[in-house]
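Here's protein.cif, which has mmCIF, C-alpha atoms and all ligand atoms:
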```
data_target
loop_
_atom_site.group_PDB
_atom_site.id
_atom_site.type_symbol
_atom_site.label_atom_id
_atom_site.label_comp_id
_atom_site.auth_asym_id
_atom_site.auth_seq_id
_atom_site.Cartn_x
_atom_site.Cartn_y
_atom_site.Cartn_z
ATOM 1 C CA MET W 15 -18.321 -6.434 -14.061
ATOM 2 C CA ASP W 16 -14.640 -5.646 -14.173
ATOM 3 C CA LEU W 17 -12.634 -3.782 -11.569
ATOM 4 C CA ARG W 18 -12.539 -0.544 -13.541
ATOM 5 C CA LYS W 19 -16.306 -0.404 -13.621
ATOM 6 C CA PHE W 20 -16.524 -1.204 -9.916
ATOM 7 C CA ILE W 21 -14.073 1.585 -9.089
ATOM 8 C CA ASP W 22 -16.348 4.009 -10.948
ATOM 9 C CA ILE W 23 -19.409 2.688 -9.101
ATOM 10 C CA ALA W 24 -17.677 3.019 -5.716
ATOM 11 C CA ARG W 25 -16.541 6.561 -6.551
ATOM 12 C CA ASP W 26 -20.018 7.597 -7.683
ATOM 13 C CA ALA W 27 -21.410 6.272 -4.389
ATOM 14 C CA GLY W 28 -18.914 8.347 -2.384
ATOM 15 C CA GLU W 29 -17.119 5.182 -1.237
ATOM 16 C CA LEU W 30 -13.666 5.887 -2.656
ATOM 17 C CA TYR W 31 -10.876 8.360 -2.006
ATOM 18 C CA ASP W 32 -8.993 9.406 -5.139
ATOM 19 C CA ILE W 33 -5.472 10.060 -3.859
ATOM 20 C CA ARG W 34 -3.681 12.173 -6.458
ATOM 21 C CA LYS W 35 -0.687 13.249 -4.382
ATOM 22 C CA ALA W 36 2.315 10.989 -5.044
ATOM 23 C CA VAL W 37 2.838 8.318 -2.395
ATOM 24 C CA ASP W 38 5.855 6.128 -1.739
ATOM 25 C CA PRO W 39 5.063 2.410 -2.132
ATOM 26 C CA VAL W 40 7.478 1.696 0.699
ATOM 27 C CA ARG W 41 5.400 2.046 3.882
ATOM 28 C CA GLU W 42 3.698 5.351 3.012
ATOM 29 C CA LEU W 43 1.043 3.877 0.706
ATOM 30 C CA GLY W 44 0.132 1.217 3.278
ATOM 31 C CA ALA W 45 -0.234 3.831 6.016
ATOM 32 C CA VAL W 46 -2.465 6.066 3.890
ATOM 33 C CA LEU W 47 -4.555 3.083 2.811
ATOM 34 C CA ASN W 48 -4.999 2.115 6.431
ATOM 35 C CA ALA W 49 -6.209 5.650 7.213
ATOM 36 C CA CYS W 50 -8.683 5.525 4.300
ATOM 37 C CA GLU W 51 -10.017 2.191 5.497
ATOM 38 C CA ARG W 52 -10.427 3.524 9.047
ATOM 39 C CA ALA W 53 -12.374 6.418 7.546
ATOM 40 C CA GLY W 54 -14.664 3.857 5.926
ATOM 41 C CA LYS W 55 -13.602 4.129 2.283
ATOM 42 C CA GLY W 56 -11.515 2.425 -0.334
ATOM 43 C CA ALA W 57 -8.696 4.239 -2.120
ATOM 44 C CA LEU W 58 -7.251 4.683 -5.587
ATOM 45 C CA PHE W 59 -3.665 5.937 -5.621
ATOM 46 C CA HIS W 60 -3.214 7.654 -8.963
ATOM 47 C CA SER W 61 0.473 8.433 -8.476
ATOM 48 C CA VAL W 62 2.902 5.948 -6.949
ATOM 49 C CA LYS W 63 6.493 7.166 -6.784
ATOM 50 C CA GLY W 64 8.716 5.393 -9.297
ATOM 51 C CA TYR W 65 5.878 3.749 -11.259
ATOM 52 C CA ASP W 66 3.256 4.686 -13.808
ATOM 53 C CA ILE W 67 0.750 2.085 -12.613
ATOM 54 C CA PRO W 68 -1.892 3.143 -10.056
ATOM 55 C CA VAL W 69 -2.694 1.072 -6.966
ATOM 56 C CA THR W 70 -6.054 0.486 -5.362
ATOM 57 C CA GLY W 71 -7.049 -1.067 -2.045
ATOM 58 C CA ALA W 72 -9.740 -1.618 0.584
ATOM 59 C CA LEU W 73 -12.347 -1.895 -2.159
ATOM 60 C CA LEU W 74 -14.338 -4.680 -0.541
ATOM 61 C CA SER W 75 -13.756 -3.965 3.128
ATOM 62 C CA SER W 76 -17.291 -2.777 3.851
ATOM 63 C CA GLN W 77 -20.696 -4.371 3.425
ATOM 64 C CA LYS W 78 -21.838 -1.291 1.540
ATOM 65 C CA ARG W 79 -19.147 -1.703 -1.120
ATOM 66 C CA ILE W 80 -19.774 -5.458 -1.278
ATOM 67 C CA ALA W 81 -23.459 -4.690 -1.908
ATOM 68 C CA LEU W 82 -22.474 -2.229 -4.643
ATOM 69 C CA ALA W 83 -20.306 -4.905 -6.283
ATOM 70 C CA LEU W 84 -23.146 -7.421 -6.126
ATOM 71 C CA GLY W 85 -25.765 -4.936 -7.244
ATOM 72 C CA CYS W 86 -27.958 -5.553 -4.202
ATOM 73 C CA GLU W 87 -29.001 -3.915 -0.933
ATOM 74 C CA VAL W 88 -26.789 -4.208 2.154
ATOM 75 C CA SER W 89 -29.608 -6.157 3.810
ATOM 76 C CA GLU W 90 -29.370 -8.784 1.035
ATOM 77 C CA VAL W 91 -25.615 -9.428 1.260
ATOM 78 C CA GLY W 92 -25.897 -12.257 3.802
ATOM 79 C CA ALA W 93 -28.464 -14.132 1.730
ATOM 80 C CA ARG W 94 -26.396 -13.700 -1.451
ATOM 81 C CA MET W 95 -23.333 -15.102 0.320
ATOM 82 C CA ALA W 96 -25.313 -18.080 1.635
ATOM 83 C CA ALA W 97 -26.814 -18.750 -1.797
ATOM 84 C CA ALA W 98 -23.355 -18.718 -3.357
ATOM 85 C CA THR W 99 -22.487 -22.057 -1.753
ATOM 86 C CA GLN W 100 -26.018 -23.466 -1.621
ATOM 87 C CA LYS W 101 -26.681 -22.758 -5.309
ATOM 88 C CA PRO W 102 -23.312 -22.511 -7.048
ATOM 89 C CA ILE W 103 -23.428 -21.603 -10.748
ATOM 90 C CA LYS W 104 -20.895 -22.939 -13.200
ATOM 91 C CA PRO W 105 -19.508 -20.005 -15.210
ATOM 92 C CA GLN W 106 -19.667 -20.208 -18.975
ATOM 93 C CA ALA W 107 -16.600 -21.298 -20.847
ATOM 94 C CA HIS W 108 -15.008 -18.327 -22.560
ATOM 95 C CA GLN W 109 -14.433 -18.517 -26.295
ATOM 96 C CA GLY W 110 -11.714 -16.680 -28.139
ATOM 97 C CA ALA W 111 -9.217 -14.115 -26.904
ATOM 98 C CA ALA W 112 -9.625 -12.940 -23.332
ATOM 99 C CA PRO W 113 -9.242 -9.379 -22.048
ATOM 100 C CA CYS W 114 -6.581 -10.504 -19.579
ATOM 101 C CA GLN W 115 -4.414 -11.666 -22.481
ATOM 102 C CA GLU W 116 -4.222 -8.387 -24.379
ATOM 103 C CA VAL W 117 -0.565 -7.977 -23.438
ATOM 104 C CA LYS W 118 1.807 -10.842 -22.781
ATOM 105 C CA VAL W 119 5.022 -10.189 -20.890
ATOM 106 C CA LYS W 120 7.288 -13.116 -21.645
ATOM 107 C CA SER W 121 10.000 -12.261 -19.167
ATOM 108 C CA PRO W 122 8.292 -10.933 -16.034
ATOM 109 C CA ASP W 123 9.927 -8.435 -13.721
ATOM 110 C CA LEU W 124 7.986 -7.949 -10.516
ATOM 111 C CA GLY W 125 10.210 -4.951 -9.768
ATOM 112 C CA ALA W 126 8.415 -3.074 -12.567
ATOM 113 C CA TRP W 127 5.160 -3.185 -10.609
ATOM 114 C CA PRO W 128 4.224 -0.921 -7.676
ATOM 115 C CA ILE W 129 3.887 -3.736 -5.149
ATOM 116 C CA PRO W 130 3.799 -2.056 -1.737
ATOM 117 C CA THR W 131 5.966 -2.727 1.274
ATOM 118 C CA HIS W 132 3.015 -2.361 3.602
ATOM 119 C CA SER W 133 4.090 -2.204 7.229
ATOM 120 C CA PRO W 134 7.078 -0.926 9.196
ATOM 121 C CA LEU W 135 8.435 -4.428 9.871
ATOM 122 C CA ASP W 136 7.803 -5.890 6.398
ATOM 123 C CA PRO W 137 11.183 -6.827 4.891
ATOM 124 C CA ALA W 138 10.028 -6.590 1.267
ATOM 125 C CA PRO W 139 7.077 -5.846 -0.985
ATOM 126 C CA PHE W 140 4.129 -8.233 -0.609
ATOM 127 C CA ILE W 141 1.281 -9.084 -2.978
ATOM 128 C CA THR W 142 -1.568 -9.321 -0.489
ATOM 129 C CA ALA W 143 -4.728 -9.119 -2.576
ATOM 130 C CA GLY W 144 -3.989 -11.353 -5.551
ATOM 131 C CA VAL W 145 -6.526 -14.154 -5.942
ATOM 132 C CA VAL W 146 -4.642 -17.432 -6.314
ATOM 133 C CA ILE W 147 -6.513 -19.779 -8.659
ATOM 134 C CA ALA W 148 -5.404 -23.390 -8.451
ATOM 135 C CA ARG W 149 -6.969 -26.704 -9.483
ATOM 136 C CA ASP W 150 -7.203 -29.957 -7.613
ATOM 137 C CA PRO W 151 -4.843 -32.289 -9.514
ATOM 138 C CA GLN W 152 -7.335 -35.157 -9.043
ATOM 139 C CA SER W 153 -10.836 -33.675 -9.357
ATOM 140 C CA GLY W 154 -9.954 -30.569 -11.381
ATOM 141 C CA ARG W 155 -12.024 -28.349 -9.110
ATOM 142 C CA HIS W 156 -10.926 -24.735 -8.789
ATOM 143 C CA ASN W 157 -9.852 -23.225 -5.512
ATOM 144 C CA LEU W 158 -9.633 -19.461 -5.119
ATOM 145 C CA SER W 159 -7.688 -18.072 -2.181
ATOM 146 C CA TYR W 160 -5.544 -15.284 -0.869
ATOM 147 C CA ASN W 161 -1.957 -16.201 -0.150
ATOM 148 C CA ARG W 162 0.465 -13.435 0.653
ATOM 149 C CA MET W 163 3.512 -13.397 -1.563
ATOM 150 C CA GLN W 164 6.808 -11.864 -0.539
ATOM 151 C CA ILE W 165 8.744 -10.624 -3.545
ATOM 152 C CA TYR W 166 12.185 -12.238 -3.687
ATOM 153 C CA GLY W 167 13.290 -11.006 -7.101
ATOM 154 C CA ARG W 168 12.298 -10.411 -10.709
ATOM 155 C CA ASP W 169 10.355 -13.666 -11.073
ATOM 156 C CA ARG W 170 10.393 -15.218 -7.591
ATOM 157 C CA ALA W 171 8.139 -14.818 -4.608
ATOM 158 C CA GLY W 172 7.567 -16.713 -1.394
ATOM 159 C CA ILE W 173 3.966 -17.853 -0.964
ATOM 160 C CA SER W 174 2.197 -18.320 2.363
ATOM 161 C CA MET W 175 0.120 -21.514 2.204
ATOM 162 C CA ASN W 176 -1.165 -22.304 5.660
ATOM 163 C CA LEU W 177 -1.175 -26.050 6.399
ATOM 164 C CA TRP W 178 -4.976 -26.304 6.484
ATOM 165 C CA ARG W 179 -5.564 -24.479 3.187
ATOM 166 C CA HIS W 180 -7.008 -26.260 0.165
ATOM 167 C CA ILE W 181 -4.129 -25.116 -2.020
ATOM 168 C CA LYS W 182 -1.728 -26.828 0.383
ATOM 169 C CA ALA W 183 -3.745 -30.044 0.009
ATOM 170 C CA PHE W 184 -3.458 -29.737 -3.792
ATOM 171 C CA PHE W 185 0.264 -29.200 -3.465
ATOM 172 C CA ASP W 186 0.612 -32.269 -1.224
ATOM 173 C CA LYS W 187 -1.126 -34.384 -3.875
ATOM 174 C CA ILE W 188 1.123 -33.341 -6.738
ATOM 175 C CA GLU W 189 4.464 -32.874 -5.050
ATOM 176 C CA PRO W 190 5.104 -36.643 -4.401
ATOM 177 C CA GLN W 191 4.838 -37.128 -8.180
ATOM 178 C CA GLY W 192 7.857 -34.856 -8.565
ATOM 179 C CA LYS W 193 5.696 -32.111 -10.084
ATOM 180 C CA ASN W 194 5.113 -28.474 -9.198
ATOM 181 C CA LEU W 195 1.627 -27.056 -8.662
ATOM 182 C CA PRO W 196 0.703 -24.582 -11.409
ATOM 183 C CA PHE W 197 -1.610 -21.698 -10.619
ATOM 184 C CA CYS W 198 -2.391 -18.162 -11.624
ATOM 185 C CA VAL W 199 -2.663 -15.029 -9.526
ATOM 186 C CA ALA W 200 -5.444 -12.668 -10.597
ATOM 187 C CA ILE W 201 -4.802 -9.054 -9.627
ATOM 188 C CA GLY W 202 -7.780 -6.795 -10.144
ATOM 189 C CA PRO W 203 -10.360 -9.385 -11.253
ATOM 190 C CA ASP W 204 -14.150 -9.092 -11.197
ATOM 191 C CA PRO W 205 -15.038 -8.291 -7.554
ATOM 192 C CA VAL W 206 -16.979 -11.574 -7.279
ATOM 193 C CA VAL W 207 -13.730 -13.464 -7.930
ATOM 194 C CA MET W 208 -12.194 -11.508 -5.042
ATOM 195 C CA MET W 209 -15.131 -12.410 -2.814
ATOM 196 C CA ALA W 210 -15.009 -16.091 -3.778
ATOM 197 C CA GLY W 211 -11.318 -16.071 -2.848
ATOM 198 C CA ALA W 212 -12.287 -15.507 0.765
ATOM 199 C CA PHE W 213 -14.678 -18.505 0.921
ATOM 200 C CA ARG W 214 -13.756 -21.743 2.640
ATOM 201 C CA TYR W 215 -15.687 -24.146 0.426
ATOM 202 C CA ASP W 216 -14.991 -27.725 -0.572
ATOM 203 C CA GLY W 217 -16.530 -27.487 -4.034
ATOM 204 C CA ASP W 218 -15.508 -25.492 -7.089
ATOM 205 C CA GLU W 219 -15.022 -21.894 -5.996
ATOM 206 C CA TYR W 220 -15.367 -20.545 -9.530
ATOM 207 C CA GLU W 221 -18.971 -21.689 -9.190
ATOM 208 C CA VAL W 222 -19.216 -19.584 -6.014
ATOM 209 C CA ALA W 223 -18.055 -16.596 -8.047
ATOM 210 C CA GLY W 224 -20.556 -17.546 -10.758
ATOM 211 C CA SER W 225 -23.389 -17.591 -8.236
ATOM 212 C CA LEU W 226 -22.337 -14.245 -6.749
ATOM 213 C CA ARG W 227 -22.341 -12.734 -10.218
ATOM 214 C CA GLY W 228 -25.851 -14.104 -10.699
ATOM 215 C CA VAL W 229 -27.910 -15.808 -13.342
ATOM 216 C CA THR W 230 -28.894 -12.623 -15.099
ATOM 217 C CA GLU W 231 -25.341 -11.741 -16.023
ATOM 218 C CA THR W 232 -23.701 -14.649 -17.766
ATOM 219 C CA LEU W 233 -20.276 -13.174 -18.343
ATOM 220 C CA PRO W 234 -17.721 -15.951 -18.465
ATOM 221 C CA LEU W 235 -15.164 -15.787 -15.714
ATOM 222 C CA ALA W 236 -12.418 -18.094 -16.865
ATOM 223 C CA ILE W 237 -10.416 -19.392 -19.764
ATOM 224 C CA TYR W 238 -7.842 -22.124 -19.661
ATOM 225 C CA SER W 239 -4.240 -21.900 -20.610
ATOM 226 C CA GLN W 240 -2.360 -25.109 -21.226
ATOM 227 C CA PHE W 241 0.375 -25.447 -18.668
ATOM 228 C CA ASP W 242 1.824 -28.747 -19.724
ATOM 229 C CA GLN W 243 0.479 -31.784 -21.545
ATOM 230 C CA ASP W 244 -1.769 -32.860 -18.719
ATOM 231 C CA PHE W 245 -2.491 -29.718 -16.743
ATOM 232 C CA ASP W 246 -4.023 -26.367 -17.563
ATOM 233 C CA VAL W 247 -4.516 -23.257 -15.466
ATOM 234 C CA ALA W 248 -7.675 -21.186 -15.264
ATOM 235 C CA LEU W 249 -7.232 -17.482 -15.857
ATOM 236 C CA ALA W 250 -9.705 -14.942 -14.500
ATOM 237 C CA ILE W 251 -10.417 -13.331 -17.822
ATOM 238 C CA GLY W 252 -11.424 -9.895 -16.591
ATOM 239 C CA ALA W 253 -8.396 -9.463 -14.364
ATOM 240 C CA LEU W 254 -6.152 -6.487 -14.964
ATOM 241 C CA PHE W 255 -2.998 -8.529 -14.340
ATOM 242 C CA VAL W 256 -2.553 -12.296 -14.352
ATOM 243 C CA LEU W 257 0.615 -13.951 -13.137
ATOM 244 C CA VAL W 258 1.153 -17.610 -13.991
ATOM 245 C CA GLY W 259 3.566 -19.639 -11.976
ATOM 246 C CA VAL W 260 4.304 -22.850 -10.185
ATOM 247 C CA ALA W 261 4.624 -23.533 -6.478
ATOM 248 C CA ILE W 262 7.912 -25.191 -5.622
ATOM 249 C CA LEU W 263 7.644 -25.828 -1.904
ATOM 250 C CA LEU W 264 6.870 -22.359 -0.576
ATOM 251 C CA VAL W 265 8.300 -20.497 -3.546
ATOM 252 C CA LEU W 266 6.352 -19.213 -6.522
ATOM 253 C CA LYS W 267 8.317 -19.374 -9.764
ATOM 254 C CA LEU W 268 6.787 -17.062 -12.314
ATOM 255 C CA LEU W 269 6.116 -17.966 -15.902
ATOM 256 C CA PRO W 270 4.627 -15.428 -18.357
ATOM 257 C CA VAL W 271 2.461 -12.584 -17.139
ATOM 258 C CA TRP W 272 -0.629 -11.339 -18.913
ATOM 259 C CA THR W 273 -2.199 -7.922 -18.518
ATOM 260 C CA ARG W 274 -4.966 -5.887 -20.008
ATOM 261 C CA SER W 275 -4.047 -3.195 -22.486
ATOM 262 C CA SER W 276 -3.535 0.438 -21.583
ATOM 263 C CA SER W 277 -6.159 1.817 -23.935
ATOM 264 C CA THR W 278 -9.020 2.272 -21.493
ATOM 265 C CA SER W 279 -7.416 2.125 -18.105
ATOM 266 C CA PRO W 280 -4.923 3.861 -15.895
ATOM 267 C CA PHE W 281 -3.843 0.301 -14.994
ATOM 268 C CA ARG W 282 -1.278 -0.335 -17.656
ATOM 269 C CA PRO W 283 1.858 -2.402 -18.022
ATOM 270 C CA ALA W 284 5.202 -0.749 -18.663
ATOM 271 C CA ALA W 285 5.443 -0.471 -22.449
ATOM 272 C CA SER W 286 9.071 -1.544 -22.533
ATOM 273 C CA THR W 287 8.327 -4.965 -21.094
ATOM 274 C CA SER W 288 5.378 -5.864 -23.222
ATOM 275 C CA SER W 289 5.314 -7.679 -26.496
HETATM 276 C C1 LIG W 301 -6.560 -10.279 2.492
HETATM 277 C C2 LIG W 301 -6.386 -11.739 2.838
HETATM 278 C C3 LIG W 301 -5.101 -12.265 2.948
HETATM 279 C C4 LIG W 301 -4.908 -13.624 3.266
HETATM 280 N N1 LIG W 301 -3.626 -14.136 3.330
HETATM 281 C C5 LIG W 301 -3.439 -15.474 3.543
HETATM 282 C C6 LIG W 301 -2.127 -16.047 3.513
HETATM 283 O O1 LIG W 301 -1.141 -15.335 3.331
HETATM 284 N N2 LIG W 301 -1.987 -17.387 3.678
HETATM 285 C C7 LIG W 301 -3.061 -18.204 3.857
HETATM 286 O O2 LIG W 301 -2.883 -19.424 3.960
HETATM 287 N N3 LIG W 301 -4.323 -17.686 3.924
HETATM 288 C C8 LIG W 301 -4.535 -16.352 3.767
HETATM 289 N N4 LIG W 301 -5.808 -15.802 3.804
HETATM 290 C C9 LIG W 301 -6.961 -16.663 4.063
HETATM 291 C C10 LIG W 301 -7.432 -17.500 2.865
HETATM 292 O O3 LIG W 301 -6.787 -17.338 1.653
HETATM 293 C C11 LIG W 301 -8.891 -17.338 2.529
HETATM 294 O O4 LIG W 301 -9.631 -17.070 3.670
HETATM 295 C C12 LIG W 301 -9.472 -18.491 1.719
HETATM 296 O O5 LIG W 301 -10.804 -18.667 2.036
HETATM 297 C C13 LIG W 301 -8.730 -19.794 1.838
HETATM 298 O O6 LIG W 301 -9.591 -20.882 1.943
HETATM 299 P P1 LIG W 301 -9.286 -22.304 1.311
HETATM 300 O O7 LIG W 301 -8.745 -23.169 2.396
HETATM 301 O O8 LIG W 301 -10.605 -22.736 0.772
HETATM 302 O O9 LIG W 301 -8.301 -22.115 0.203
HETATM 303 C C14 LIG W 301 -6.022 -14.454 3.517
HETATM 304 C C15 LIG W 301 -7.317 -13.917 3.410
HETATM 305 C C16 LIG W 301 -7.496 -12.582 3.078
HETATM 306 C C17 LIG W 301 -8.921 -12.046 2.971
#
```
What would the structure in this file look like if it were written as structure tokens?
Ligand SMILES: Cc1cc2nc3c(=O)[nH]c(=O)nc-3n(C[C@H](O)[C@H](O)[C@H](O)COP(=O)(O)O)c2cc1C
Amino acid sequence: MDLRKFIDIARDAGELYDIRKAVDPVRELGAVLNACERAGKGALFHSVKGYDIPVTGALLSSQKRIALALGCEVSEVGARMAAATQKPIKPQAHQGAAPCQEVKVKSPDLGAWPIPTHSPLDPAPFITAGVVIARDPQSGRHNLSYNRMQIYGRDRAGISMNLWRHIKAFFDKIEPQGKNLPFCVAIGPDPVVMMAGAFRYDGDEYEVAGSLRGVTETLPLAIYSQFDQDFDVALAIGALFVLVGVAILLVLKLLPVWTRSSSTSPFRPAASTSS
């Protein structure tokens, strides 16, 4: 399932507000989203002032919407979550071109994206719901996590890696070798990738996502993009936007950005920056 399909499912179930009135990404969008969440629904902002890319939020902040994303009853959500770590499923390897690589932006400009400044005291826009996909430099296992990113400029962001997080442990392994930690940030991936990002699990968290997706649906979740001669990054293939970067201490330095094409989605990259 990709995010577009899930948005349709949530709307059909009466679980989503379609906000068509233009909202300002600086503090207004965050306030309206908060109100939607308090009212028990997710939101899709069709018109964000200054941008032609919609924004969505609060999609998985209720058990009902999580059940919709998993295709199960609310009463089954707990068991599905438990099974995800007890019986992880390795996702298939993806062959050929991936949806997330339909458009490649060689010179990223985060200012072209409607990244909200959420709260009154936030000093800048923050990416709060991107799933950071990193690999253990020794074992190669994938870790999926949420790490807020404060936008510093066109291709720079600060990244919050709490000391006890797995991604921080990966960074501590690679940094003494004089290397940076490569990773990708999946924005708008399959909802199971979003769910797996919230797990604290010592194994491969792509396999958690694979288990949540289930054995009956064998859609591959990842492809690999060579980062350098001895390291590749895993891209969530269904994601609407994929940033690739490296962690240099607490700063994310962006490399190319991939997005899905505009043909079937209101989520589209600015035409002028694509190639
Ligand atoms: C919306 C959201 C935002 C989060 N932001 C951060 C963050 O900025 N920094 C951080 O270290 N953890 C953050 N977390 C927590 C972890 O990313 C997440 O719970 C994950 O399971 C990390 O576990 P790990 O140690 O296995 O990587 C956030 C979690 C959520 C759901």
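Contact shell of Lys35 (chain W) at 12 Å (all atoms listed in the file; same-chain neighbours under 6 positions omitted): Glu42, Leu43, Val46, Leu58, Phe59, His60, Ser61, Val62, Lys63 and Pro68 of chain W.
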Practice task
Report as number ranges by chain which protein, DNA and RNA residues come within 12 Å of ligand LIG 301 (chain W), using all atoms listed in the file.
Solution key: W: 71-75, 140-150, 155-164, 172-185, 207-220, 222, 264
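Relative to CA of Arg18 (chain W), CA of Gly167 (chain W) is found at 28.6 Å.
Residues selected in this file by the PyMOL selection byres (((chain W and resi 94-99) around 6) and not hetatm) comprise Val91, Gly92, Ala93, Gln100, Lys101, Pro102, Val222, Ser225 and Leu226 of chain W.
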Problem - Test item: the PyMOL selection byres (((chain W and resi 256) around 12) and not hetatm) resolved as a ChimeraX atom specification - result: /W:112-119,122,144-147,197-203,236-237,239,247-255,257-259,268-274,283
Problem - Picked residues, the PyMOL selection byres (((chain W and resi 17) around 7) and not hetatm), expected as a PyMOL selection string - result: chain W and resi 15-16+18-21+202-205
Handout entry: Shell of 8 Å around Val88 (chain W), only C-alpha atoms, local chain residues under 6 positions omitted, as an MDAnalysis selection string
Key = chainID W and resid 77:78 80:81
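Contact shell of Ile262 (chain W) at 9 Å (all atoms listed in the file; same-chain neighbours under 2 positions omitted): W:Phe185, W:Glu189, W:Lys193, W:Asn194, W:Leu195, W:Val260, W:Leu264, W:Val265, W:Leu266, W:Lys267.
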Practice task
List the neighbours of Glu29 (chain W) out to 8 Å using all atoms listed in the file; skip same-chain residues closer than 4 positions along the sequence, and give me the result as a PyMOL selection string.
Solution key: chain W and resi 24-25+54-56+79
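Across the structure, CA of Gly125 (chain W) and CA of Glu51 (chain W) are spaced 26.3 Å apart.
The space between CA of Val40 (chain W) and CA of Pro139 (chain W) spans 7.7 Å.
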Practice task
Name the residues in contact with Ala27 (chain W) at a cut-off of 9 Å, using all atoms listed in the file, excluding same-chain residues fewer than 4 positions from it; report them as a list in words.
Solution key: Asp22, Ile23, Arg79 and Leu82 of chain W
